[in-house]
file final.pdb (PDB, C-alpha atoms)
MODEL        1
ATOM      1  CA  MET A   1      -6.225  32.612  -2.054
ATOM      2  CA  ALA A   2      -2.622  33.051  -3.215
ATOM      3  CA  LYS A   3      -1.662  29.851  -1.395
ATOM      4  CA  PRO A   4      -4.312  27.192  -2.040
ATOM      5  CA  THR A   5      -4.864  24.653   0.730
ATOM      6  CA  THR A   6      -7.939  22.853  -0.635
ATOM      7  CA  ARG A   7      -8.956  21.331  -3.955
ATOM      8  CA  ALA A   8     -11.497  24.106  -4.597
ATOM      9  CA  GLU A   9      -8.914  26.841  -3.928
ATOM     10  CA  PHE A  10      -6.418  25.007  -6.139
ATOM     11  CA  ILE A  11      -8.864  24.876  -9.063
ATOM     12  CA  ALA A  12      -9.702  28.550  -8.590
ATOM     13  CA  TYR A  13      -5.979  29.374  -8.672
ATOM     14  CA  CYS A  14      -5.504  27.445 -11.941
ATOM     15  CA  LYS A  15      -8.445  29.248 -13.536
ATOM     16  CA  ARG A  16      -7.065  32.639 -12.507
ATOM     17  CA  SER A  17      -3.704  31.650 -13.987
ATOM     18  CA  LEU A  18      -5.471  31.132 -17.316
ATOM     19  CA  GLY A  19      -7.230  34.507 -17.177
ATOM     20  CA  ALA A  20     -10.458  33.939 -15.260
ATOM     21  CA  PRO A  21     -12.672  35.761 -14.492
ATOM     22  CA  VAL A  22     -11.558  38.296 -17.113
ATOM     23  CA  VAL A  23     -11.398  35.559 -19.743
ATOM     24  CA  GLU A  24     -14.037  32.829 -19.985
ATOM     25  CA  ILE A  25     -12.396  29.418 -19.577
ATOM     26  CA  ASN A  26     -14.395  27.039 -21.764
ATOM     27  CA  VAL A  27     -13.784  23.896 -19.740
ATOM     28  CA  ASP A  28     -16.420  21.848 -17.909
ATOM     29  CA  ASP A  29     -16.048  21.327 -14.144
ATOM     30  CA  ASP A  30     -15.810  17.552 -14.621
ATOM     31  CA  GLN A  31     -13.040  18.054 -17.164
ATOM     32  CA  ILE A  32     -11.156  20.241 -14.692
ATOM     33  CA  ASP A  33     -11.495  17.579 -11.985
ATOM     34  CA  ASP A  34     -10.106  14.983 -14.398
ATOM     35  CA  ARG A  35      -7.106  17.167 -15.250
ATOM     36  CA  VAL A  36      -6.390  17.869 -11.567
ATOM     37  CA  ASP A  37      -6.451  14.122 -10.853
ATOM     38  CA  GLU A  38      -4.131  13.580 -13.809
ATOM     39  CA  ALA A  39      -1.744  16.219 -12.458
ATOM     40  CA  LEU A  40      -1.769  14.609  -9.030
ATOM     41  CA  ASP A  41      -1.019  11.196 -10.520
ATOM     42  CA  TYR A  42       2.016  12.571 -12.355
ATOM     43  CA  PHE A  43       3.129  14.488  -9.265
ATOM     44  CA  TYR A  44       2.920  11.364  -7.104
ATOM     45  CA  GLN A  45       4.732   9.224  -9.665
ATOM     46  CA  TYR A  46       7.656  11.412 -10.650
ATOM     47  CA  HIS A  47       8.101  14.248  -8.157
ATOM     48  CA  SER A  48      10.292  13.625  -5.111
ATOM     49  CA  ASP A  49       7.881  15.640  -2.961
ATOM     50  CA  GLY A  50       4.910  13.591  -4.106
ATOM     51  CA  SER A  51       5.618  10.612  -1.847
ATOM     52  CA  GLU A  52       7.117   9.903   1.557
ATOM     53  CA  LYS A  53       9.018   7.004   3.067
ATOM     54  CA  VAL A  54       7.041   5.369   5.865
ATOM     55  CA  PHE A  55       7.238   2.320   8.103
ATOM     56  CA  LEU A  56       3.898   0.550   8.213
ATOM     57  CA  LYS A  57       2.789  -2.183  10.578
ATOM     58  CA  HIS A  58       0.073  -4.777  10.191
ATOM     59  CA  GLN A  59      -1.175  -7.107  12.905
ATOM     60  CA  VAL A  60      -1.792 -10.640  11.656
ATOM     61  CA  ILE A  61      -5.446 -11.646  11.999
ATOM     62  CA  ASP A  62      -7.221 -15.001  12.093
ATOM     63  CA  SER A  63      -9.720 -16.376   9.644
ATOM     64  CA  ILE A  64     -13.302 -16.253  10.909
ATOM     65  CA  LEU A  65     -15.764 -19.083  10.278
ATOM     66  CA  THR A  66     -19.305 -17.841  10.885
ATOM     67  CA  THR A  67     -21.911 -20.268  12.231
ATOM     68  CA  GLU A  68     -25.638 -19.998  12.957
ATOM     69  CA  ALA A  69     -25.348 -21.244  16.545
ATOM     70  CA  VAL A  70     -23.651 -20.078  19.720
ATOM     71  CA  ALA A  71     -19.939 -20.500  19.055
ATOM     72  CA  THR A  72     -19.100 -21.120  22.720
ATOM     73  CA  ASN A  73     -20.683 -24.561  22.410
ATOM     74  CA  PHE A  74     -17.437 -25.530  20.674
ATOM     75  CA  ASN A  75     -14.165 -26.041  22.532
ATOM     76  CA  ASN A  76     -11.220 -23.740  22.038
ATOM     77  CA  GLY A  77      -8.473 -25.646  20.202
ATOM     78  CA  GLU A  78     -10.670 -28.307  18.626
ATOM     79  CA  THR A  79     -11.126 -28.962  14.918
ATOM     80  CA  VAL A  80     -14.423 -28.249  13.189
ATOM     81  CA  THR A  81     -15.136 -30.531  10.218
ATOM     82  CA  GLY A  82     -17.685 -30.072   7.425
ATOM     83  CA  THR A  83     -19.859 -33.176   7.124
ATOM     84  CA  THR A  84     -20.322 -32.696   3.355
ATOM     85  CA  THR A  85     -16.901 -31.540   2.186
ATOM     86  CA  GLY A  86     -14.661 -32.835   4.967
ATOM     87  CA  ALA A  87     -13.042 -29.370   5.185
ATOM     88  CA  LYS A  88     -11.309 -28.725   8.504
ATOM     89  CA  PHE A  89     -10.994 -25.554  10.575
ATOM     90  CA  ASN A  90      -8.833 -25.333  13.718
ATOM     91  CA  ILE A  91     -10.357 -23.079  16.377
ATOM     92  CA  SER A  92      -8.118 -20.637  18.245
ATOM     93  CA  SER A  93     -10.753 -18.256  19.643
ATOM     94  CA  LEU A  94     -14.500 -18.389  20.346
ATOM     95  CA  GLY A  95     -17.471 -16.064  20.360
ATOM     96  CA  ILE A  96     -16.337 -13.495  17.770
ATOM     97  CA  SER A  97     -19.165 -11.163  16.820
ATOM     98  CA  ALA A  98     -20.162 -11.666  13.182
ATOM     99  CA  ASN A  99     -23.008 -10.953  10.770
ATOM    100  CA  TYR A 100     -24.031 -12.577   7.542
ATOM    101  CA  ALA A 101     -26.104 -11.570   4.541
ATOM    102  CA  GLY A 102     -28.993 -13.866   5.446
ATOM    103  CA  GLY A 103     -29.882 -11.595   8.361
ATOM    104  CA  GLY A 104     -30.065 -12.237  12.073
ATOM    105  CA  SER A 105     -27.258 -12.881  14.517
ATOM    106  CA  ALA A 106     -24.305 -15.135  13.874
ATOM    107  CA  PHE A 107     -21.260 -16.285  15.797
ATOM    108  CA  GLY A 108     -17.691 -16.421  14.609
ATOM    109  CA  LEU A 109     -14.931 -18.930  15.247
ATOM    110  CA  GLY A 110     -11.399 -17.591  14.969
ATOM    111  CA  GLY A 111      -8.742 -19.894  13.572
ATOM    112  CA  GLU A 112      -7.428 -21.237  10.298
ATOM    113  CA  VAL A 113      -8.550 -23.545   7.514
ATOM    114  CA  THR A 114      -6.242 -26.570   7.494
ATOM    115  CA  SER A 115      -7.762 -28.494   4.580
ATOM    116  CA  GLY A 116     -10.600 -28.447   2.078
ATOM    117  CA  THR A 117     -13.196 -25.835   1.184
ATOM    118  CA  PHE A 118     -16.439 -25.368   3.086
ATOM    119  CA  LEU A 119     -19.813 -25.152   1.352
ATOM    120  CA  ALA A 120     -22.558 -22.681   2.131
ATOM    121  CA  GLY A 121     -25.206 -24.127   4.447
ATOM    122  CA  GLU A 122     -23.350 -27.340   5.250
ATOM    123  CA  THR A 123     -23.260 -28.840   8.745
ATOM    124  CA  VAL A 124     -20.039 -28.605  10.756
ATOM    125  CA  THR A 125     -19.154 -30.686  13.820
ATOM    126  CA  GLY A 126     -16.556 -30.186  16.554
ATOM    127  CA  SER A 127     -14.019 -32.975  17.041
ATOM    128  CA  SER A 128     -13.997 -32.914  20.873
ATOM    129  CA  SER A 129     -17.260 -31.195  21.826
ATOM    130  CA  GLY A 130     -19.353 -33.148  19.318
ATOM    131  CA  PHE A 131     -21.460 -30.020  18.828
ATOM    132  CA  SER A 132     -22.967 -29.517  15.359
ATOM    133  CA  THR A 133     -24.416 -26.483  13.617
ATOM    134  CA  THR A 134     -24.812 -25.145  10.097
ATOM    135  CA  LEU A 135     -23.035 -22.447   8.151
ATOM    136  CA  PRO A 136     -24.883 -19.446   6.667
ATOM    137  CA  THR A 137     -25.740 -19.451   2.979
ATOM    138  CA  THR A 138     -23.395 -16.514   2.264
ATOM    139  CA  GLY A 139     -20.444 -14.837   3.921
ATOM    140  CA  PHE A 140     -19.594 -17.802   6.128
ATOM    141  CA  LEU A 141     -15.797 -17.544   5.841
ATOM    142  CA  ALA A 142     -13.590 -14.463   6.088
ATOM    143  CA  GLN A 143     -10.049 -15.612   5.409
ATOM    144  CA  GLY A 144      -7.294 -14.216   7.595
ATOM    145  CA  ASP A 145      -3.752 -13.301   6.688
ATOM    146  CA  ARG A 146      -2.255 -16.727   7.326
ATOM    147  CA  ASP A 147      -4.795 -18.459   5.093
ATOM    148  CA  ASN A 148      -4.484 -15.777   2.408
ATOM    149  CA  GLY A 149      -0.699 -15.685   2.362
ATOM    150  CA  TYR A 150      -0.728 -11.907   2.003
ATOM    151  CA  ILE A 151      -1.555  -8.732   3.920
ATOM    152  CA  PRO A 152      -3.713  -5.886   2.587
ATOM    153  CA  VAL A 153      -1.961  -2.645   1.644
ATOM    154  CA  ALA A 154      -3.550   0.784   1.428
ATOM    155  CA  ASP A 155      -4.159   2.182  -2.033
ATOM    156  CA  SER A 156      -1.955   5.186  -1.215
ATOM    157  CA  VAL A 157       1.159   2.964  -1.024
ATOM    158  CA  THR A 158       3.194   3.189  -4.236
ATOM    159  CA  ALA A 159       6.065   0.812  -3.497
ATOM    160  CA  ILE A 160       7.308  -1.664  -0.888
ATOM    161  CA  LYS A 161      11.060  -1.548  -0.361
ATOM    162  CA  ARG A 162      11.520  -4.333   2.197
ATOM    163  CA  VAL A 163       9.825  -6.467   4.815
ATOM    164  CA  PHE A 164      11.545  -6.389   8.181
ATOM    165  CA  PRO A 165      12.561  -9.696   9.789
ATOM    166  CA  LEU A 166       9.778 -11.229  11.843
ATOM    167  CA  ARG A 167      12.241 -11.921  14.639
ATOM    168  CA  ASP A 168      15.633 -10.460  15.463
ATOM    169  CA  ILE A 169      18.135 -13.295  15.072
ATOM    170  CA  ASN A 170      21.062 -10.910  15.318
ATOM    171  CA  SER A 171      20.502  -9.829  18.920
ATOM    172  CA  ALA A 172      21.876 -12.778  20.857
ATOM    173  CA  ASN A 173      23.108 -11.835  24.338
ATOM    174  CA  SER A 174      24.869 -15.088  25.155
ATOM    175  CA  MET A 175      28.608 -14.818  25.776
ATOM    176  CA  PHE A 176      29.025 -18.046  23.790
ATOM    177  CA  ASP A 177      27.464 -16.500  20.666
ATOM    178  CA  VAL A 178      30.043 -16.249  17.861
ATOM    179  CA  LYS A 179      29.096 -12.652  17.058
ATOM    180  CA  TYR A 180      29.397 -11.659  20.695
ATOM    181  CA  GLN A 181      32.912 -13.104  20.854
ATOM    182  CA  MET A 182      33.925 -11.500  17.579
ATOM    183  CA  HIS A 183      32.771  -8.042  18.660
ATOM    184  CA  LEU A 184      34.297  -8.454  22.117
ATOM    185  CA  ASN A 185      37.720  -9.392  20.791
ATOM    186  CA  ASP A 186      37.747  -6.893  17.946
ATOM    187  CA  MET A 187      36.564  -3.985  20.068
ATOM    188  CA  PHE A 188      39.344  -4.750  22.545
ATOM    189  CA  SER A 189      41.940  -4.509  19.776
ATOM    190  CA  LEU A 190      40.319  -1.425  18.280
ATOM    191  CA  SER A 191      40.719   0.415  21.553
ATOM    192  CA  TYR A 192      44.468  -0.103  21.116
ATOM    193  CA  MET A 193      44.492   1.159  17.495
ATOM    194  CA  GLY A 194      43.637  -2.214  15.913
ATOM    195  CA  ASN A 195      43.002  -2.669  12.188
ATOM    196  CA  LEU A 196      39.561  -1.292  11.295
ATOM    197  CA  VAL A 197      39.683  -2.923   7.842
ATOM    198  CA  ASP A 198      39.907  -6.419   9.364
ATOM    199  CA  TYR A 199      36.973  -5.650  11.645
ATOM    200  CA  GLU A 200      34.799  -4.409   8.760
ATOM    201  CA  MET A 201      35.687  -7.420   6.595
ATOM    202  CA  ALA A 202      34.807  -9.782   9.443
ATOM    203  CA  LYS A 203      31.423  -8.072   9.848
ATOM    204  CA  GLN A 204      30.697  -8.385   6.130
ATOM    205  CA  TYR A 205      31.673 -12.060   6.223
ATOM    206  CA  MET A 206      29.307 -12.742   9.137
ATOM    207  CA  SER A 207      26.549 -10.858   7.321
ATOM    208  CA  LEU A 208      27.094 -12.990   4.220
ATOM    209  CA  LEU A 209      26.885 -16.198   6.260
ATOM    210  CA  ASP A 210      23.697 -15.005   7.925
ATOM    211  CA  MET A 211      22.111 -14.087   4.592
ATOM    212  CA  SER A 212      23.074 -17.395   2.955
ATOM    213  CA  ILE A 213      22.360 -19.809   5.791
ATOM    214  CA  ASP A 214      20.108 -18.329   8.450
ATOM    215  CA  SER A 215      18.514 -15.231   6.988
ATOM    216  CA  ASP A 216      15.140 -14.099   8.272
ATOM    217  CA  ASP A 217      14.611 -11.685   5.399
ATOM    218  CA  LYS A 218      11.550 -12.513   3.330
ATOM    219  CA  HIS A 219      10.999 -12.540  -0.404
ATOM    220  CA  PHE A 220       7.871 -10.617  -1.263
ATOM    221  CA  ARG A 221       5.738  -9.659  -4.230
ATOM    222  CA  TYR A 222       3.785  -6.436  -4.513
ATOM    223  CA  HIS A 223       1.972  -4.565  -7.268
ATOM    224  CA  LYS A 224       0.400  -1.220  -6.493
ATOM    225  CA  HIS A 225      -2.735  -1.997  -8.529
ATOM    226  CA  ASP A 226      -3.398  -5.168  -6.507
ATOM    227  CA  ASP A 227      -3.143  -3.660  -2.984
ATOM    228  CA  LYS A 228      -1.822  -6.955  -1.608
ATOM    229  CA  LEU A 229       1.634  -7.719  -0.230
ATOM    230  CA  TYR A 230       2.473 -11.393  -0.778
ATOM    231  CA  ILE A 231       5.231 -12.680   1.512
ATOM    232  CA  ASP A 232       6.769 -15.975   0.409
ATOM    233  CA  MET A 233       7.117 -17.955   3.629
ATOM    234  CA  ASN A 234       5.408 -20.685   5.612
ATOM    235  CA  TRP A 235       2.734 -18.520   7.211
ATOM    236  CA  LYS A 236       1.436 -21.247   9.503
ATOM    237  CA  SER A 237       4.791 -21.920  11.183
ATOM    238  CA  GLU A 238       6.637 -18.613  10.925
ATOM    239  CA  VAL A 239       3.994 -16.142  12.037
ATOM    240  CA  ALA A 240       1.332 -16.260  14.739
ATOM    241  CA  VAL A 241      -1.956 -14.433  15.088
ATOM    242  CA  GLY A 242      -1.309 -11.098  16.772
ATOM    243  CA  ASP A 243       2.242 -10.778  15.425
ATOM    244  CA  TYR A 244       3.153  -7.547  13.682
ATOM    245  CA  ILE A 245       4.593  -7.384  10.175
ATOM    246  CA  VAL A 246       6.539  -4.177   9.549
ATOM    247  CA  VAL A 247       7.411  -2.948   6.065
ATOM    248  CA  GLU A 248       9.370  -0.043   4.660
ATOM    249  CA  ALA A 249       7.254   1.603   1.981
ATOM    250  CA  TYR A 250       6.627   4.738  -0.039
ATOM    251  CA  ARG A 251       3.224   6.410   0.192
ATOM    252  CA  TYR A 252       1.475   9.234  -1.628
ATOM    253  CA  MET A 253       1.381  12.594   0.130
ATOM    254  CA  ASP A 254      -2.360  12.488   0.737
ATOM    255  CA  THR A 255      -3.827  15.966   0.232
ATOM    256  CA  SER A 256      -6.369  15.358   3.000
ATOM    257  CA  ASN A 257      -3.482  15.088   5.481
ATOM    258  CA  TYR A 258      -0.956  17.385   3.801
ATOM    259  CA  ALA A 259      -2.822  20.470   2.608
ATOM    260  CA  ASP A 260       0.446  22.155   1.639
ATOM    261  CA  VAL A 261       0.668  19.835  -1.386
ATOM    262  CA  TRP A 262      -1.892  22.062  -3.128
ATOM    263  CA  ASN A 263       0.604  24.922  -2.990
ATOM    264  CA  ASP A 264       3.442  23.004  -4.652
ATOM    265  CA  TYR A 265       5.007  25.065  -7.442
ATOM    266  CA  PHE A 266       5.244  22.214  -9.950
ATOM    267  CA  LEU A 267       1.756  20.847  -9.264
ATOM    268  CA  LYS A 268       0.156  24.269  -9.790
ATOM    269  CA  ALA A 269       2.010  24.853 -13.051
ATOM    270  CA  TYR A 270       1.379  21.347 -14.377
ATOM    271  CA  ALA A 271      -2.340  21.294 -13.532
ATOM    272  CA  THR A 272      -2.758  24.736 -15.127
ATOM    273  CA  ALA A 273      -1.070  23.497 -18.307
ATOM    274  CA  LEU A 274      -3.304  20.415 -18.427
ATOM    275  CA  ILE A 275      -6.453  22.537 -18.015
ATOM    276  CA  LYS A 276      -5.152  24.861 -20.726
ATOM    277  CA  LYS A 277      -4.696  21.866 -23.015
ATOM    278  CA  GLN A 278      -8.285  20.788 -22.334
ATOM    279  CA  TRP A 279      -9.430  24.329 -23.073
ATOM    280  CA  GLY A 280      -7.557  24.332 -26.386
ATOM    281  CA  THR A 281      -8.947  20.899 -27.276
ATOM    282  CA  ASN A 282     -12.492  22.131 -26.645
ATOM    283  CA  MET A 283     -11.946  25.283 -28.687
ATOM    284  CA  THR A 284     -10.526  23.525 -31.752
ATOM    285  CA  LYS A 285     -14.122  22.719 -32.658
ATOM    286  CA  PHE A 286     -14.592  26.406 -33.467
ATOM    287  CA  ASP A 287     -11.152  26.927 -35.019
ATOM    288  CA  GLY A 288     -11.249  29.634 -37.665
ATOM    289  CA  MET A 289     -14.822  30.698 -36.821
ATOM    290  CA  THR A 290     -15.301  34.485 -37.011
ATOM    291  CA  MET A 291     -17.374  36.209 -34.354
ATOM    292  CA  PRO A 292     -19.252  39.502 -34.802
ATOM    293  CA  GLY A 293     -16.717  42.279 -34.742
ATOM    294  CA  GLY A 294     -14.100  40.279 -36.619
ATOM    295  CA  VAL A 295     -12.782  38.200 -33.666
ATOM    296  CA  THR A 296     -11.555  34.771 -34.808
ATOM    297  CA  PHE A 297     -11.335  31.658 -32.670
ATOM    298  CA  ASN A 298      -7.855  30.144 -32.489
ATOM    299  CA  GLY A 299      -8.152  27.088 -30.273
ATOM    300  CA  ARG A 300      -5.276  25.402 -32.093
ATOM    301  CA  GLN A 301      -2.834  28.014 -30.794
ATOM    302  CA  ILE A 302      -3.994  27.494 -27.198
ATOM    303  CA  LEU A 303      -3.590  23.739 -27.635
ATOM    304  CA  ASP A 304      -0.089  24.041 -29.126
ATOM    305  CA  ASP A 305       1.064  26.410 -26.372
ATOM    306  CA  ALA A 306      -0.294  24.052 -23.692
ATOM    307  CA  ASN A 307       1.469  21.040 -25.232
ATOM    308  CA  GLN A 308       4.780  22.912 -25.199
ATOM    309  CA  GLU A 309       4.303  23.886 -21.543
ATOM    310  CA  ILE A 310       3.422  20.306 -20.568
ATOM    311  CA  GLU A 311       6.453  18.895 -22.389
ATOM    312  CA  LYS A 312       8.732  21.406 -20.666
ATOM    313  CA  LEU A 313       7.269  20.698 -17.211
ATOM    314  CA  GLN A 314       7.499  16.922 -17.664
ATOM    315  CA  GLU A 315      11.134  17.247 -18.684
ATOM    316  CA  GLU A 316      11.777  19.424 -15.628
ATOM    317  CA  ALA A 317      10.119  16.870 -13.350
ATOM    318  CA  ARG A 318      12.185  13.971 -14.688
ATOM    319  CA  LEU A 319      15.497  15.862 -14.676
ATOM    320  CA  VAL A 320      15.164  18.029 -11.557
ATOM    321  CA  TRP A 321      12.518  16.690  -9.205
ATOM    322  CA  GLU A 322      12.543  12.912  -9.712
ATOM    323  CA  ASP A 323      14.495  10.789  -7.231
ATOM    324  CA  PRO A 324      17.463   8.846  -8.643
ATOM    325  CA  VAL A 325      16.803   5.265  -9.661
ATOM    326  CA  ASP A 326      17.443   2.920  -6.725
ATOM    327  CA  PHE A 327      19.404   0.059  -8.283
ATOM    328  CA  MET A 328      19.281  -3.390  -6.706
ATOM    329  CA  VAL A 329      22.707  -4.500  -5.517
ATOM    330  CA  GLY A 330      23.123  -8.202  -4.720
TER     331      GLY A 330
ENDMDL
END
call {"tool": "encode", "arguments": {"input": "final.pdb", "output": "structure tokens"}}
result
Amino acid sequence: MAKPTTRAEFIAYCKRSLGAPVVEINVDDDQIDDRVDEALDYFYQYHSDGSEKVFLKHQVIDSILTTEAVATNFNNGETVTGTTTGAKFNISSLGISANYAGGGSAFGLGGEVTSGTFLAGETVTGSSSGFSTTLPTTGFLAQGDRDNGYIPVADSVTAIKRVFPLRDINSANSMFDVKYQMHLNDMFSLSYMGNLVDYEMAKQYMSLLDMSIDSDDKHFRYHKHDDKLYIDMNWKSEVAVGDYIVVEAYRYMDTSNYADVWNDYFLKAYATALIKKQWGTNMTKFDGMTMPGGVTFNGRQILDDANQEIEKLQEEARLVWEDPVDFMVG
């Protein structure tokens, strides 16, 4: 029990640190759970060991238009048009299994919405097959990444640092490529004690040209409370279904995967201080009350001591354990 590896063991450790079972800790179990969650949030936000750098990949998926008839009656590659709204959907795959809230079986068409907005229950017709069917009353369209303009991000991700290029434009193998010639000539001179400064300056110049004229880096927008990574690009022309988008991100150290987090020195001390503060807050209701035998409640002292411990631990986290600020350099 000295080294907690689960939430229950962690809570038991914090209680023992406050005197249990010798001393009764007047804090409700729900209050303890709230304080542990609060401690974890602070640990994830400000402690360098609370998050990890990861490289995440996401495979781009199609939108799915669900119909109430066999989808294979349509032709792959044709356009389905809504007879009421005139909305258009280009089909790229047929026969995707799908369900809808109305009950029964349904059939999905993979592809993308090219114009308009479909209505529930309207009739849709294929441009080349001529086949017509109706859409369900609910859940008839699940938009894919290219129609959304964003990819979903797990709630455990705290920050996105960059989106990797969708294609490697810097890996040309042609002997006529300007970078190939530059490296070939410069490496030849370097082998005979050439000027390394000139070589480095030439590389930086080529990098600047690439960034200004032909960069494949993407501007993106991300907020951790939205769980969506918006990438500002022409999704329909620059990315295809099945392509992978890779991002460099920071993610919480999930306690379900990293049990050793429960044994972190700072987390144990901080959670204990928060529970102690809750204990003192609860006991202030009886402040000054005298028990039989002359014992007097002093919840205010417990609360003041806890506040001092919390302030000290927060200062330690920001000065000792927090990662340095990563300034943007342009």
call {"tool": "residues_around", "arguments": {"input": "final.pdb", "residues": "segment 134-151 of chain A", "least_positions_apart": "5", "cutoff": "10 Å", "atoms": "only C-alpha atoms", "output": "PyMOL selection string"}}
result
chain A and resi 58-69+82-83+98-103+106-114+117-125+220-222+227-241+245
call {"tool": "write_last_selection", "arguments": {"input": "final.pdb", "atoms": "C-alpha atoms", "output": "PDB file, keeping the file's coordinate frame"}}
result
ATOM      1  CA  HIS A  58       0.073  -4.777  10.191  1.00  0.00           C
ATOM      2  CA  GLN A  59      -1.175  -7.107  12.905  1.00  0.00           C
ATOM      3  CA  VAL A  60      -1.792 -10.640  11.656  1.00  0.00           C
ATOM      4  CA  ILE A  61      -5.446 -11.646  11.999  1.00  0.00           C
ATOM      5  CA  ASP A  62      -7.221 -15.001  12.093  1.00  0.00           C
ATOM      6  CA  SER A  63      -9.720 -16.376   9.644  1.00  0.00           C
ATOM      7  CA  ILE A  64     -13.302 -16.253  10.909  1.00  0.00           C
ATOM      8  CA  LEU A  65     -15.764 -19.083  10.278  1.00  0.00           C
ATOM      9  CA  THR A  66     -19.305 -17.841  10.885  1.00  0.00           C
ATOM     10  CA  THR A  67     -21.911 -20.268  12.231  1.00  0.00           C
ATOM     11  CA  GLU A  68     -25.638 -19.998  12.957  1.00  0.00           C
ATOM     12  CA  ALA A  69     -25.348 -21.244  16.545  1.00  0.00           C
ATOM     13  CA  GLY A  82     -17.685 -30.072   7.425  1.00  0.00           C
ATOM     14  CA  THR A  83     -19.859 -33.176   7.124  1.00  0.00           C
ATOM     15  CA  ALA A  98     -20.162 -11.666  13.182  1.00  0.00           C
ATOM     16  CA  ASN A  99     -23.008 -10.953  10.770  1.00  0.00           C
ATOM     17  CA  TYR A 100     -24.031 -12.577   7.542  1.00  0.00           C
ATOM     18  CA  ALA A 101     -26.104 -11.570   4.541  1.00  0.00           C
ATOM     19  CA  GLY A 102     -28.993 -13.866   5.446  1.00  0.00           C
ATOM     20  CA  GLY A 103     -29.882 -11.595   8.361  1.00  0.00           C
ATOM     21  CA  ALA A 106     -24.305 -15.135  13.874  1.00  0.00           C
ATOM     22  CA  PHE A 107     -21.260 -16.285  15.797  1.00  0.00           C
ATOM     23  CA  GLY A 108     -17.691 -16.421  14.609  1.00  0.00           C
ATOM     24  CA  LEU A 109     -14.931 -18.930  15.247  1.00  0.00           C
ATOM     25  CA  GLY A 110     -11.399 -17.591  14.969  1.00  0.00           C
ATOM     26  CA  GLY A 111      -8.742 -19.894  13.572  1.00  0.00           C
ATOM     27  CA  GLU A 112      -7.428 -21.237  10.298  1.00  0.00           C
ATOM     28  CA  VAL A 113      -8.550 -23.545   7.514  1.00  0.00           C
ATOM     29  CA  THR A 114      -6.242 -26.570   7.494  1.00  0.00           C
ATOM     30  CA  THR A 117     -13.196 -25.835   1.184  1.00  0.00           C
ATOM     31  CA  PHE A 118     -16.439 -25.368   3.086  1.00  0.00           C
ATOM     32  CA  LEU A 119     -19.813 -25.152   1.352  1.00  0.00           C
ATOM     33  CA  ALA A 120     -22.558 -22.681   2.131  1.00  0.00           C
ATOM     34  CA  GLY A 121     -25.206 -24.127   4.447  1.00  0.00           C
ATOM     35  CA  GLU A 122     -23.350 -27.340   5.250  1.00  0.00           C
ATOM     36  CA  THR A 123     -23.260 -28.840   8.745  1.00  0.00           C
ATOM     37  CA  VAL A 124     -20.039 -28.605  10.756  1.00  0.00           C
ATOM     38  CA  THR A 125     -19.154 -30.686  13.820  1.00  0.00           C
ATOM     39  CA  PHE A 220       7.871 -10.617  -1.263  1.00  0.00           C
ATOM     40  CA  ARG A 221       5.738  -9.659  -4.230  1.00  0.00           C
ATOM     41  CA  TYR A 222       3.785  -6.436  -4.513  1.00  0.00           C
ATOM     42  CA  ASP A 227      -3.143  -3.660  -2.984  1.00  0.00           C
ATOM     43  CA  LYS A 228      -1.822  -6.955  -1.608  1.00  0.00           C
ATOM     44  CA  LEU A 229       1.634  -7.719  -0.230  1.00  0.00           C
ATOM     45  CA  TYR A 230       2.473 -11.393  -0.778  1.00  0.00           C
ATOM     46  CA  ILE A 231       5.231 -12.680   1.512  1.00  0.00           C
ATOM     47  CA  ASP A 232       6.769 -15.975   0.409  1.00  0.00           C
ATOM     48  CA  MET A 233       7.117 -17.955   3.629  1.00  0.00           C
ATOM     49  CA  ASN A 234       5.408 -20.685   5.612  1.00  0.00           C
ATOM     50  CA  TRP A 235       2.734 -18.520   7.211  1.00  0.00           C
ATOM     51  CA  LYS A 236       1.436 -21.247   9.503  1.00  0.00           C
ATOM     52  CA  SER A 237       4.791 -21.920  11.183  1.00  0.00           C
ATOM     53  CA  GLU A 238       6.637 -18.613  10.925  1.00  0.00           C
ATOM     54  CA  VAL A 239       3.994 -16.142  12.037  1.00  0.00           C
ATOM     55  CA  ALA A 240       1.332 -16.260  14.739  1.00  0.00           C
ATOM     56  CA  VAL A 241      -1.956 -14.433  15.088  1.00  0.00           C
ATOM     57  CA  ILE A 245       4.593  -7.384  10.175  1.00  0.00           C
TER      58      ILE A 245
END
call {"tool": "closest_residue", "arguments": {"input": "final.pdb", "among": "A:His223, A:Lys268, A:Lys53, A:Lys203", "to": "Ala12 of chain A", "atoms": "only C-alpha atoms"}}
result
A:Lys268
call {"tool": "resolve_selection", "arguments": {"input": "final.pdb", "expression": "the PyMOL selection byres ((chain A and resi 314) around 12)", "output": "short mmCIF file (atom, residue, chain, number, x, y, z; two decimals) with C-alpha atoms, in the frame of the given file"}}
result
data_model
loop_
_atom_site.label_atom_id
_atom_site.label_comp_id
_atom_site.auth_asym_id
_atom_site.auth_seq_id
_atom_site.Cartn_x
_atom_site.Cartn_y
_atom_site.Cartn_z
CA ALA A 39 -1.74 16.22 -12.46
CA TYR A 42 2.02 12.57 -12.36
CA PHE A 43 3.13 14.49 -9.26
CA GLN A 45 4.73 9.22 -9.66
CA TYR A 46 7.66 11.41 -10.65
CA HIS A 47 8.10 14.25 -8.16
CA PHE A 266 5.24 22.21 -9.95
CA LEU A 267 1.76 20.85 -9.26
CA ALA A 269 2.01 24.85 -13.05
CA TYR A 270 1.38 21.35 -14.38
CA ALA A 271 -2.34 21.29 -13.53
CA ALA A 273 -1.07 23.50 -18.31
CA LEU A 274 -3.30 20.42 -18.43
CA ASN A 307 1.47 21.04 -25.23
CA GLN A 308 4.78 22.91 -25.20
CA GLU A 309 4.30 23.89 -21.54
CA ILE A 310 3.42 20.31 -20.57
CA GLU A 311 6.45 18.90 -22.39
CA LYS A 312 8.73 21.41 -20.67
CA LEU A 313 7.27 20.70 -17.21
CA GLU A 315 11.13 17.25 -18.68
CA GLU A 316 11.78 19.42 -15.63
CA ALA A 317 10.12 16.87 -13.35
CA ARG A 318 12.18 13.97 -14.69
CA LEU A 319 15.50 15.86 -14.68
CA VAL A 320 15.16 18.03 -11.56
CA TRP A 321 12.52 16.69 -9.20
CA GLU A 322 12.54 12.91 -9.71
#
